[in-house]
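Listing of coords05.csv, CSV, C-alpha atoms and all ligand atoms
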```csv
chain,number,residue,atom,x,y,z
A,160,MET,CA,0.0,0.0,0.0
A,161,SER,CA,1.5,3.3,-1.1
A,162,GLN,CA,-0.4,6.3,0.3
A,163,SER,CA,1.3,8.9,-1.7
A,164,THR,CA,0.8,7.2,-5.1
A,165,LEU,CA,-1.2,8.8,-7.9
A,166,LEU,CA,-3.2,6.5,-10.2
A,167,LEU,CA,-3.0,7.6,-13.8
A,168,THR,CA,-5.6,6.2,-16.2
A,169,GLY,CA,-5.2,6.1,-20.0
A,170,ALA,CA,-1.5,6.0,-19.2
A,171,ASN,CA,-0.5,4.3,-22.5
A,172,GLY,CA,-2.2,6.8,-24.7
A,173,ARG,CA,-0.8,9.9,-26.4
A,174,THR,CA,-1.9,12.2,-23.5
A,175,GLY,CA,-1.2,9.6,-20.8
A,176,ARG,CA,2.4,9.1,-21.8
A,177,ALA,CA,3.1,12.8,-21.9
A,178,VAL,CA,1.5,13.3,-18.5
A,179,LEU,CA,3.3,10.4,-17.0
A,180,LYS,CA,6.7,11.9,-18.1
A,181,SER,CA,5.8,15.2,-16.5
A,182,LEU,CA,4.4,13.6,-13.3
A,183,SER,CA,7.4,11.5,-12.8
A,184,SER,CA,9.9,14.2,-13.5
A,185,CYS,CA,8.2,16.1,-10.7
A,186,GLY,CA,8.9,13.2,-8.4
A,187,ILE,CA,5.2,12.0,-8.2
A,188,ALA,CA,4.9,8.2,-7.7
A,189,VAL,CA,2.6,7.0,-10.4
A,190,ARG,CA,0.6,3.8,-10.7
A,191,ALA,CA,-0.2,3.5,-14.4
A,192,PHE,CA,-3.5,1.9,-15.4
A,193,VAL,CA,-3.1,0.0,-18.7
A,194,ARG,CA,-4.9,-2.7,-20.6
A,195,GLN,CA,-2.0,-5.1,-21.3
A,196,SER,CA,1.0,-6.3,-19.4
A,197,SER,CA,3.1,-5.9,-22.6
A,198,GLN,CA,2.7,-2.1,-22.1
A,199,ALA,CA,4.4,-2.2,-18.6
A,200,GLY,CA,8.0,-2.0,-19.8
A,201,ASP,CA,7.5,1.1,-21.8
A,202,LEU,CA,5.6,2.9,-19.1
A,203,LYS,CA,8.2,2.0,-16.4
A,204,GLY,CA,10.7,3.5,-18.8
A,205,LEU,CA,8.7,6.7,-18.8
A,206,GLY,CA,8.8,6.7,-15.0
A,207,ALA,CA,5.8,4.7,-13.7
A,208,ARG,CA,6.6,3.1,-10.3
A,209,GLU,CA,3.7,0.6,-10.4
A,210,ILE,CA,1.5,-0.9,-13.1
A,211,SER,CA,-2.1,-1.9,-12.7
A,212,ILE,CA,-3.6,-3.9,-15.5
A,213,GLY,CA,-7.3,-3.7,-16.2
A,214,ASP,CA,-10.1,-2.4,-18.4
A,215,PHE,CA,-12.2,0.7,-17.9
A,216,LEU,CA,-15.4,-1.3,-18.4
A,217,ASP,CA,-14.4,-3.9,-15.8
A,218,ALA,CA,-15.5,-2.7,-12.3
A,219,GLU,CA,-13.3,-5.2,-10.5
A,220,SER,CA,-10.1,-4.0,-12.2
A,221,VAL,CA,-11.1,-0.4,-11.6
A,222,LYS,CA,-11.6,-1.1,-7.8
A,223,ALA,CA,-8.2,-2.9,-7.6
A,224,ALA,CA,-6.4,0.0,-9.4
A,225,VAL,CA,-7.7,2.6,-7.0
A,226,GLU,CA,-6.9,0.6,-3.9
A,227,GLY,CA,-4.2,2.3,-1.8
A,228,VAL,CA,-3.7,5.4,-3.9
A,229,SER,CA,-4.1,8.9,-2.5
A,230,LYS,CA,-4.7,10.7,-5.9
A,231,VAL,CA,-6.4,9.8,-9.2
A,232,MET,CA,-5.8,11.5,-12.5
A,233,HIS,CA,-8.4,10.1,-14.9
A,234,ILE,CA,-7.8,10.4,-18.7
A,235,GLY,CA,-10.6,8.7,-20.5
A,236,PRO,CA,-10.4,7.3,-24.0
A,237,PRO,CA,-11.4,9.8,-26.8
A,238,MET,CA,-15.0,10.0,-27.9
A,239,HIS,CA,-16.0,7.0,-25.9
A,240,PRO,CA,-19.8,6.5,-25.6
A,241,ASP,CA,-19.3,5.3,-21.9
A,242,GLU,CA,-17.2,8.3,-20.7
A,243,VAL,CA,-19.7,9.1,-17.9
A,244,GLU,CA,-20.1,5.5,-16.7
A,245,ILE,CA,-16.3,4.9,-16.8
A,246,THR,CA,-15.6,8.2,-14.9
A,247,ARG,CA,-18.3,7.3,-12.3
A,248,SER,CA,-16.7,4.0,-11.6
A,249,PHE,CA,-13.4,5.7,-10.8
A,250,ILE,CA,-15.2,8.3,-8.7
A,251,GLU,CA,-17.0,5.5,-6.7
A,252,ALA,CA,-13.8,3.6,-6.2
A,253,ALA,CA,-12.0,6.9,-5.2
A,254,LYS,CA,-14.7,7.6,-2.6
A,255,ARG,CA,-14.5,4.1,-1.1
A,256,ASN,CA,-10.7,4.6,-0.8
A,257,GLN,CA,-11.0,8.2,0.6
A,258,VAL,CA,-8.8,9.5,-2.2
A,259,GLU,CA,-7.6,13.0,-1.4
A,260,HIS,CA,-7.5,14.5,-4.9
A,261,PHE,CA,-9.3,13.5,-8.1
A,262,VAL,CA,-8.1,15.2,-11.3
A,263,TYR,CA,-10.4,14.8,-14.2
A,264,TYR,CA,-9.0,15.4,-17.7
A,265,SER,CA,-11.9,16.9,-19.6
A,266,VAL,CA,-12.0,19.2,-22.6
A,267,MET,CA,-12.3,22.9,-23.2
A,268,HIS,CA,-16.0,24.0,-23.5
A,269,PRO,CA,-17.7,20.8,-22.4
A,270,LEU,CA,-20.9,22.9,-22.6
A,271,ARG,CA,-20.8,22.6,-26.4
A,272,ARG,CA,-23.3,19.9,-26.0
A,273,GLU,CA,-23.9,19.5,-29.8
A,274,VAL,CA,-20.6,17.5,-29.7
A,275,ARG,CA,-21.3,14.2,-27.9
A,276,HIS,CA,-18.0,13.8,-26.2
A,277,HIS,CA,-18.1,17.4,-24.9
A,278,ARG,CA,-21.6,16.7,-23.5
A,279,LEU,CA,-20.5,13.5,-21.9
A,280,LYS,CA,-17.5,15.2,-20.3
A,281,LEU,CA,-19.8,17.9,-19.0
A,282,GLU,CA,-21.9,15.1,-17.3
A,283,ALA,CA,-18.8,13.5,-15.9
A,284,GLU,CA,-17.7,16.8,-14.5
A,285,GLU,CA,-21.1,17.2,-12.8
A,286,ALA,CA,-20.8,13.7,-11.3
A,287,LEU,CA,-17.3,14.5,-10.0
A,288,ILE,CA,-18.4,17.9,-8.5
A,289,GLU,CA,-21.4,16.3,-6.8
A,290,SER,CA,-19.4,13.3,-5.5
A,291,GLY,CA,-18.0,15.4,-2.7
A,292,LEU,CA,-14.4,14.3,-3.6
A,293,PRO,CA,-11.7,17.0,-3.6
A,294,PHE,CA,-11.3,17.6,-7.3
A,295,THR,CA,-9.5,19.6,-10.0
A,296,ILE,CA,-10.9,19.6,-13.6
A,297,VAL,CA,-8.6,20.5,-16.5
A,298,GLN,CA,-10.2,21.5,-19.8
A,299,PRO,CA,-7.7,21.3,-22.6
A,300,ALA,CA,-8.1,22.9,-26.1
A,301,ARG,CA,-7.2,21.0,-29.3
A,302,TYR,CA,-3.6,19.8,-29.4
A,303,MET,CA,-0.9,21.2,-31.7
A,304,GLN,CA,0.1,17.5,-32.0
A,305,HIS,CA,-2.8,16.9,-34.5
A,306,LEU,CA,-0.2,18.1,-37.0
A,307,GLU,CA,2.0,15.1,-36.4
A,308,PRO,CA,0.0,12.4,-38.3
A,309,ILE,CA,0.0,14.7,-41.4
A,310,TRP,CA,3.5,16.1,-40.9
A,311,ARG,CA,5.2,14.0,-43.6
A,312,SER,CA,2.7,15.1,-46.3
A,313,VAL,CA,2.9,18.7,-45.1
A,314,VAL,CA,6.7,18.6,-45.6
A,315,GLU,CA,6.7,16.6,-48.8
A,316,GLU,CA,3.6,18.0,-50.6
A,317,GLY,CA,3.4,21.4,-49.1
A,318,VAL,CA,-0.2,21.0,-48.1
A,319,HIS,CA,-1.7,21.4,-44.6
A,320,ALA,CA,-5.0,19.6,-44.8
A,321,MET,CA,-7.6,19.2,-42.0
A,322,PRO,CA,-11.4,18.3,-42.3
A,323,PHE,CA,-12.7,21.8,-41.5
A,324,SER,CA,-12.7,25.3,-42.7
A,325,ILE,CA,-9.3,26.8,-43.4
A,326,GLU,CA,-10.4,30.1,-41.9
A,327,GLN,CA,-11.8,29.1,-38.5
A,328,LYS,CA,-9.5,29.9,-35.6
A,329,PHE,CA,-8.3,27.5,-32.9
A,330,ASN,CA,-6.1,28.2,-29.8
A,331,VAL,CA,-4.2,25.0,-30.3
A,332,VAL,CA,-2.1,24.0,-27.3
A,333,ASP,CA,1.2,22.0,-26.9
A,334,LEU,CA,0.6,18.7,-25.2
A,335,ALA,CA,3.9,19.0,-23.4
A,336,ASP,CA,2.6,22.3,-21.8
A,337,LEU,CA,-0.6,20.5,-20.8
A,338,ALA,CA,1.3,17.6,-19.3
A,339,ASP,CA,3.5,20.0,-17.2
A,340,ALA,CA,0.3,21.9,-16.1
A,341,CYS,CA,-1.2,18.5,-15.0
A,342,ALA,CA,1.9,17.8,-12.9
A,343,VAL,CA,1.6,21.2,-11.3
A,344,VAL,CA,-2.1,20.6,-10.5
A,345,ALA,CA,-1.3,17.1,-9.0
A,346,SER,CA,1.6,18.3,-7.0
A,347,SER,CA,-0.2,20.3,-4.3
A,348,ASP,CA,-3.5,21.1,-2.7
A,349,ARG,CA,-3.5,24.6,-4.0
A,350,HIS,CA,-5.6,23.6,-7.0
A,351,LEU,CA,-8.4,21.7,-5.2
A,352,TYR,CA,-11.9,22.7,-6.4
A,353,ALA,CA,-10.6,24.5,-9.4
A,354,THR,CA,-11.7,24.1,-13.0
A,355,TYR,CA,-9.0,25.3,-15.5
A,356,GLU,CA,-9.4,26.0,-19.2
A,357,LEU,CA,-6.1,25.3,-20.9
A,358,ALA,CA,-5.6,26.8,-24.3
A,359,GLY,CA,-2.6,27.9,-26.4
A,360,PRO,CA,-1.5,31.5,-26.8
A,361,GLN,CA,-2.5,32.1,-30.5
A,362,ALA,CA,-5.8,31.9,-32.3
A,363,LEU,CA,-4.8,30.3,-35.6
A,364,SER,CA,-6.6,29.2,-38.7
A,365,GLN,CA,-5.3,26.4,-40.9
A,366,GLU,CA,-4.2,29.2,-43.2
A,367,ASP,CA,-2.2,30.8,-40.4
A,368,MET,CA,-0.7,27.5,-39.5
A,369,ALA,CA,0.3,26.8,-43.1
A,370,ARG,CA,2.0,30.3,-43.2
A,371,LEU,CA,3.9,29.6,-40.0
A,372,ILE,CA,5.0,26.2,-41.1
A,373,ALA,CA,6.1,27.6,-44.5
A,374,GLN,CA,8.3,30.1,-42.6
A,375,VAL,CA,10.0,27.3,-40.6
A,376,LEU,CA,10.5,25.0,-43.6
A,377,GLY,CA,11.5,27.8,-46.0
A,378,LYS,CA,9.1,26.7,-48.7
A,379,PRO,CA,5.5,27.3,-49.6
A,380,VAL,CA,2.7,25.5,-47.7
A,381,THR,CA,-1.0,25.9,-48.5
A,382,ALA,CA,-4.0,25.1,-46.4
A,383,LYS,CA,-6.7,22.8,-47.7
A,384,GLN,CA,-10.0,21.5,-46.3
A,385,VAL,CA,-10.3,17.7,-46.6
A,386,SER,CA,-13.8,16.6,-47.4
A,387,TRP,CA,-15.8,14.8,-44.7
A,388,GLU,CA,-16.2,11.8,-47.0
A,389,ALA,CA,-12.4,11.5,-47.4
A,390,MET,CA,-11.9,11.9,-43.6
A,391,ALA,CA,-14.5,9.2,-42.9
A,392,GLU,CA,-12.9,6.9,-45.5
A,393,LYS,CA,-9.4,7.4,-44.0
A,394,ALA,CA,-10.6,6.8,-40.5
A,395,SER,CA,-12.5,3.6,-41.6
A,396,ARG,CA,-9.3,2.3,-43.3
A,397,ALA,CA,-7.4,3.0,-40.0
A,398,GLY,CA,-9.9,0.7,-38.2
A,399,ALA,CA,-12.1,3.4,-36.4
A,400,THR,CA,-15.6,2.2,-35.4
A,401,GLN,CA,-18.7,3.6,-37.1
A,402,ASP,CA,-19.5,5.3,-33.8
A,403,ARG,CA,-16.1,7.0,-33.6
A,404,ILE,CA,-16.4,8.1,-37.3
A,405,SER,CA,-19.8,9.6,-36.8
A,406,GLN,CA,-18.6,11.5,-33.7
A,407,MET,CA,-15.6,12.8,-35.7
A,408,LEU,CA,-18.0,14.1,-38.3
A,409,VAL,CA,-20.1,15.8,-35.6
A,410,MET,CA,-17.0,17.4,-34.1
A,411,ASN,CA,-15.5,18.6,-37.4
A,412,ARG,CA,-18.8,20.0,-38.5
A,413,HIS,CA,-19.0,21.9,-35.2
A,414,TYR,CA,-15.4,23.2,-35.6
A,415,ASP,CA,-16.3,24.2,-39.2
A,416,SER,CA,-19.0,26.5,-37.9
A,417,HIS,CA,-17.6,27.7,-34.7
A,418,GLY,CA,-13.8,27.1,-34.4
A,419,PHE,CA,-12.3,26.5,-31.0
A,420,ARG,CA,-11.0,29.6,-29.3
A,421,GLY,CA,-9.7,30.0,-25.8
A,422,ASN,CA,-7.3,31.9,-23.7
A,423,SER,CA,-3.8,30.9,-22.4
A,424,ASN,CA,-3.8,33.0,-19.2
A,425,VAL,CA,-4.6,30.1,-16.9
A,426,LEU,CA,-2.1,27.7,-18.6
A,427,GLU,CA,0.6,30.4,-18.2
A,428,TYR,CA,-0.3,30.9,-14.5
A,429,LEU,CA,0.1,27.2,-13.9
A,430,LEU,CA,3.3,26.9,-15.9
A,431,GLY,CA,4.9,30.0,-14.5
A,432,ARG,CA,6.2,30.8,-18.0
A,433,PRO,CA,4.8,31.7,-21.4
A,434,ALA,CA,2.9,28.9,-23.2
A,435,THR,CA,4.6,27.3,-26.3
A,436,ARG,CA,3.8,29.1,-29.5
A,437,PHE,CA,3.0,27.2,-32.7
A,438,ASN,CA,6.2,28.2,-34.5
A,439,ALA,CA,8.4,26.9,-31.7
A,440,TYR,CA,6.5,23.6,-31.7
A,441,VAL,CA,6.9,23.4,-35.5
A,442,SER,CA,10.6,24.3,-35.3
A,443,ALA,CA,11.1,21.5,-32.9
A,444,LEU,CA,9.5,19.0,-35.3
A,445,HIS,CA,11.6,20.3,-38.2
A,446,ALA,CA,14.8,20.1,-36.0
A,447,ARG,CA,14.0,16.5,-35.2
A,448,ASP,CA,13.8,15.7,-39.0
A,449,LEU,CA,17.1,17.5,-39.6
A,450,GLU,CA,18.8,15.6,-36.8
A,451,SER,CA,17.5,12.2,-38.0
A,452,ALA,CA,18.6,13.0,-41.6
A,453,SER,CA,22.1,13.9,-40.4
A,454,SER,CA,22.5,10.8,-38.2
A,455,SER,CA,21.3,8.4,-41.0
B,1,LIG,N1,-6.7,15.3,-28.8
B,1,LIG,C1,-7.1,16.5,-28.4
B,1,LIG,O1,-6.9,17.6,-29.0
B,1,LIG,C2,-7.8,16.6,-27.0
B,1,LIG,C3,-8.1,17.8,-26.5
B,1,LIG,C4,-8.8,17.9,-25.2
B,1,LIG,C5,-9.0,16.7,-24.5
B,1,LIG,N2,-8.6,15.5,-25.1
B,1,LIG,C6,-9.0,14.3,-24.3
B,1,LIG,O2,-7.8,13.6,-24.0
B,1,LIG,C7,-8.1,12.2,-23.7
B,1,LIG,C8,-7.0,11.3,-24.2
B,1,LIG,O3,-6.9,11.4,-25.6
B,1,LIG,P1,-5.7,10.7,-26.3
B,1,LIG,O4,-5.6,11.2,-27.7
B,1,LIG,O5,-4.5,10.7,-25.5
B,1,LIG,O6,-6.2,9.2,-26.4
B,1,LIG,P2,-5.4,7.8,-26.8
B,1,LIG,O7,-4.1,8.1,-27.3
B,1,LIG,O8,-6.4,7.1,-27.7
B,1,LIG,O9,-5.3,7.1,-25.4
B,1,LIG,C9,-6.4,6.5,-24.8
B,1,LIG,C10,-5.9,5.5,-23.8
B,1,LIG,O10,-7.0,4.8,-23.2
B,1,LIG,C11,-6.8,3.5,-23.2
B,1,LIG,N3,-8.1,2.7,-23.2
B,1,LIG,C12,-9.0,2.8,-24.2
B,1,LIG,N4,-10.0,2.0,-23.9
B,1,LIG,C13,-9.7,1.4,-22.7
B,1,LIG,C14,-10.4,0.4,-21.9
B,1,LIG,N5,-11.5,-0.1,-22.2
B,1,LIG,N6,-9.7,0.1,-20.7
B,1,LIG,C15,-8.5,0.6,-20.4
B,1,LIG,N7,-7.9,1.5,-21.1
B,1,LIG,C16,-8.4,1.9,-22.3
B,1,LIG,C17,-6.0,3.1,-24.4
B,1,LIG,O11,-5.3,1.9,-24.2
B,1,LIG,P3,-4.4,1.2,-25.4
B,1,LIG,O12,-3.1,2.0,-25.3
B,1,LIG,O13,-4.3,-0.2,-24.9
B,1,LIG,O14,-5.2,1.3,-26.6
B,1,LIG,C18,-5.1,4.4,-24.5
B,1,LIG,O15,-3.9,4.1,-23.8
B,1,LIG,C19,-9.5,12.0,-24.3
B,1,LIG,O16,-10.4,11.9,-23.2
B,1,LIG,C20,-9.7,13.2,-25.1
B,1,LIG,O17,-11.1,13.5,-25.2
B,1,LIG,C21,-8.0,15.4,-26.3
```

Take the structure in the file and give it back as structure tokens.
Amino acid sequence: MSQSTLLLTGANGRTGRAVLKSLSSCGIAVRAFVRQSSQAGDLKGLGAREISIGDFLDAESVKAAVEGVSKVMHIGPPMHPDEVEITRSFIEAAKRNQVEHFVYYSVMHPLRREVRHHRLKLEAEEALIESGLPFTIVQPARYMQHLEPIWRSVVEEGVHAMPFSIEQKFNVVDLADLADACAVVASSDRHLYATYELAGPQALSQEDMARLIAQVLGKPVTAKQVSWEAMAEKASRAGATQDRISQMLVMNRHYDSHGFRGNSNVLEYLLGRPATRFNAYVSALHARDLESASSS
């Protein structure tokens, strides 16, 4: 039994791995909740002290994972139809174990209820607040890291393509900043009962992003809107479920009409430094390419 341990869920995911690195570099003892034992080695390499193997939908494994920890940081799977039930099962287990701090990884503007996963995160936030547990809710904006799956084609073809309007603005945020902010939140009691919107410092359209990428690469990059049909086809080829594809369509239609703008003041308050700007993030991606080209 380790009273000062934090249980991190979704630990093997894109967000979970970044958060795990930041938590462990702050000296926080992390128990990582994963689905498969084969994931343990990697996560120990990122700093996890303990591994708990289970499934979000299996109440027994959730109970066992929460046993003996003093803090929980719950990062649910993206666009999952059972977000509320999954979060409730961690909340119930946390109450039974008298957990001292429950951090819920939500999304910016969960009140945009037209988008199902926003609405479900809103309901999960409500369940947490009403549970009586000491909580912090973090509400991140869209990640800058959505560039990475298309980075090769941006570099090689000079086209920055996303499935929504090239003019709508987004305060994209660096996942590494979010992870550091999560570690700050989990490190002390100062953030109990707070809800924090975490957005990046610039409101950028796809056209703005293409211009900034072009400056870093030193060659032209244009912005293009991918059709929803092409997006659905690509997601289907990648093995996404029909439910996931239909939710991606809902989200992208919503972005197309409304964008996703926020403010970086709170993130900068938590980090104690300016938030990462898009050109710095892109410069780091480009530097990584140059380094791997020179070492091969
Ligand atoms: N992307 C954004 O811009 C953004 C912005 C704001 C908020 N968020 C939120 O961030 C969260 C994490 O997103 P992500 O992109 O990091 O997701 P991800 O990479 O898909 O990671 C999700 C993790 O959950 C695990 N998982 C899925 N189903 C599970 C189950 N039944 N039992 C146990 N573990 C399970 C997966 O395990 P495996 O590794 O075994 O598959 C994976 O490690 C989501 O809630 C999302 O809404 C994302």

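Taking atom CA of Asn424 of chain A and atom CA of Leu357 of chain A as the two end points, the separation is 8.2 Å.
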
Distance query 12 Å from (-7.2, 27.7, -43.8) using only C-alpha atoms, result as a compact mmCIF listing (two decimals) with C-alpha atoms, in the frame of the given file:
```txt
# COMPACT_ATOMS: atom_id res chain seq x y z
CA VAL A 318 -0.20 21.00 -48.10
CA HIS A 319 -1.70 21.40 -44.60
CA ALA A 320 -5.00 19.60 -44.80
CA MET A 321 -7.60 19.20 -42.00
CA PRO A 322 -11.40 18.30 -42.30
CA PHE A 323 -12.70 21.80 -41.50
CA SER A 324 -12.70 25.30 -42.70
CA ILE A 325 -9.30 26.80 -43.40
CA GLU A 326 -10.40 30.10 -41.90
CA GLN A 327 -11.80 29.10 -38.50
CA LYS A 328 -9.50 29.90 -35.60
CA PHE A 329 -8.30 27.50 -32.90
CA LEU A 363 -4.80 30.30 -35.60
CA SER A 364 -6.60 29.20 -38.70
CA GLN A 365 -5.30 26.40 -40.90
CA GLU A 366 -4.20 29.20 -43.20
CA ASP A 367 -2.20 30.80 -40.40
CA MET A 368 -0.70 27.50 -39.50
CA ALA A 369 0.30 26.80 -43.10
CA ARG A 370 2.00 30.30 -43.20
CA LEU A 371 3.90 29.60 -40.00
CA VAL A 380 2.70 25.50 -47.70
CA THR A 381 -1.00 25.90 -48.50
CA ALA A 382 -4.00 25.10 -46.40
CA LYS A 383 -6.70 22.80 -47.70
CA GLN A 384 -10.00 21.50 -46.30
CA VAL A 385 -10.30 17.70 -46.60
CA ASP A 415 -16.30 24.20 -39.20
CA GLY A 418 -13.80 27.10 -34.40
```

**Study point:** From A:Val274, A:Ala394, A:Met267, A:Val262, residue lying nearest Asp348 of chain A [only C-alpha atoms]
**Key:**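 Once distances to Asp348 of chain A are computed over only C-alpha atoms, the minimum belongs to A:Val262.
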
Review point. Taking into account only C-alpha atoms and all ligand atoms, which residue in the set A:Val314, A:Leu281, A:Leu205, A:Val332 is nearest to ligand LIG 1 (chain B)?
Key: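 Distance minimum relative to ligand LIG 1 (chain B) lands on A:Val332.
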
Check your understanding: How many Å lie between atom CA of Glu356 of chain A and atom CA of Gly421 of chain A, rounded to one decimal?
Key ->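 These atoms are spaced 7.7 Å apart.
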
Point to revise | Expected answer as an MDAnalysis selection string: residues within 9 Å of ligand LIG 1 (chain B), all atoms listed in the file | key: chainID A and resid 168:177 192:195 198 212:217 233:239 242 245 264:267 276:277 280 297:305 331:332 334 357

Practice item. Quick one: everything within 7 Å of segment 428-442 of chain A, counting all atoms listed in the file, minus sequence neighbours fewer than 6 positions away in the same chain. Send it as a list in words. Key: Asp333, Asp336, Ala340, Val343, Gly359, Pro360, Leu371, Ile372 and Val375 of chain A

Dump as a compact mmCIF listing (two decimals), keeping the file's coordinate frame, selection limited to C-alpha atoms:
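Now in selection.txt:
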```txt
# COMPACT_ATOMS: atom_id res chain seq x y z
CA ASP A 333 1.20 22.00 -26.90
CA ASP A 336 2.60 22.30 -21.80
CA ALA A 340 0.30 21.90 -16.10
CA VAL A 343 1.60 21.20 -11.30
CA GLY A 359 -2.60 27.90 -26.40
CA PRO A 360 -1.50 31.50 -26.80
CA LEU A 371 3.90 29.60 -40.00
CA ILE A 372 5.00 26.20 -41.10
CA VAL A 375 10.00 27.30 -40.60
```

Review point. Quick one, how far is atom CA of Glu285 of chain A from atom CA of Asn330 of chain A?
Key: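 These atoms are spaced 25.2 Å apart.
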
Check your understanding: From the set A:Leu376, A:Ala335, A:Ile309, A:Leu287, which residue has the shortest atom-to-atom contact distance to Phe261 of chain A, counting only C-alpha atoms?
Key ->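 Once distances to Phe261 of chain A are computed over only C-alpha atoms, the minimum belongs to A:Leu287.
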
Point to revise | Option closest in space to Arg275 of chain A, from A:Glu450, A:Glu219, A:Glu209, A:Asp241 [counting only C-alpha atoms] | key: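 Checking each candidate against Arg275 of chain A, we get A:Asp241 as the closest.
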
Practice item. Could you give me, as a list in words, the residues that sit within 8 Å of (-13.8, 10.4, -6.8) in the file's coordinates, counting all atoms listed in the file? Key: Val231, Arg247, Phe249, Ile250, Glu251, Ala252, Ala253, Lys254, Val258, His260, Phe261, Leu287, Ser290, Gly291, Leu292, Pro293 and Phe294 of chain A

Check your understanding: With distances taken over all atoms listed in the file, which of A:Asn422, A:Gln401, A:Ser183, A:Ser220 is nearest to Leu202 of chain A?
Key -> A:Ser183

Practice item. May I have the residues within 8 Å of Gly206 of chain A as a PyMOL selection string, using all atoms listed in the file and disregarding those fewer than 2 positions away in the same chain? Key: chain A and resi 179-180+183-184+189+202-204+208

**Study point:** Selected residue of minimal separation from Lys378 of chain A among A:Ile187, A:Glu316, A:Ser163, A:Ala452, counting all atoms listed in the file
**Key:** A:Glu316

Exercise for review: Write out as a ChimeraX atom specification the residues lying within 9 Å of Met407 of chain A, counting all atoms listed in the file and excluding same-chain residues fewer than 5 positions away.
Suggested key: /A:238,390-391,402,412

Practice item. Determine, counting only C-alpha atoms, which protein, DNA and RNA residues have an atom within 7 Å of an atom of Leu165 of chain A; residues of the same chain fewer than 3 positions away are not included. Present the result as a list of chain:residue names. Key: A:Ala188, A:Val189, A:Arg190, A:Val228, A:Ser229, A:Lys230, A:Val231
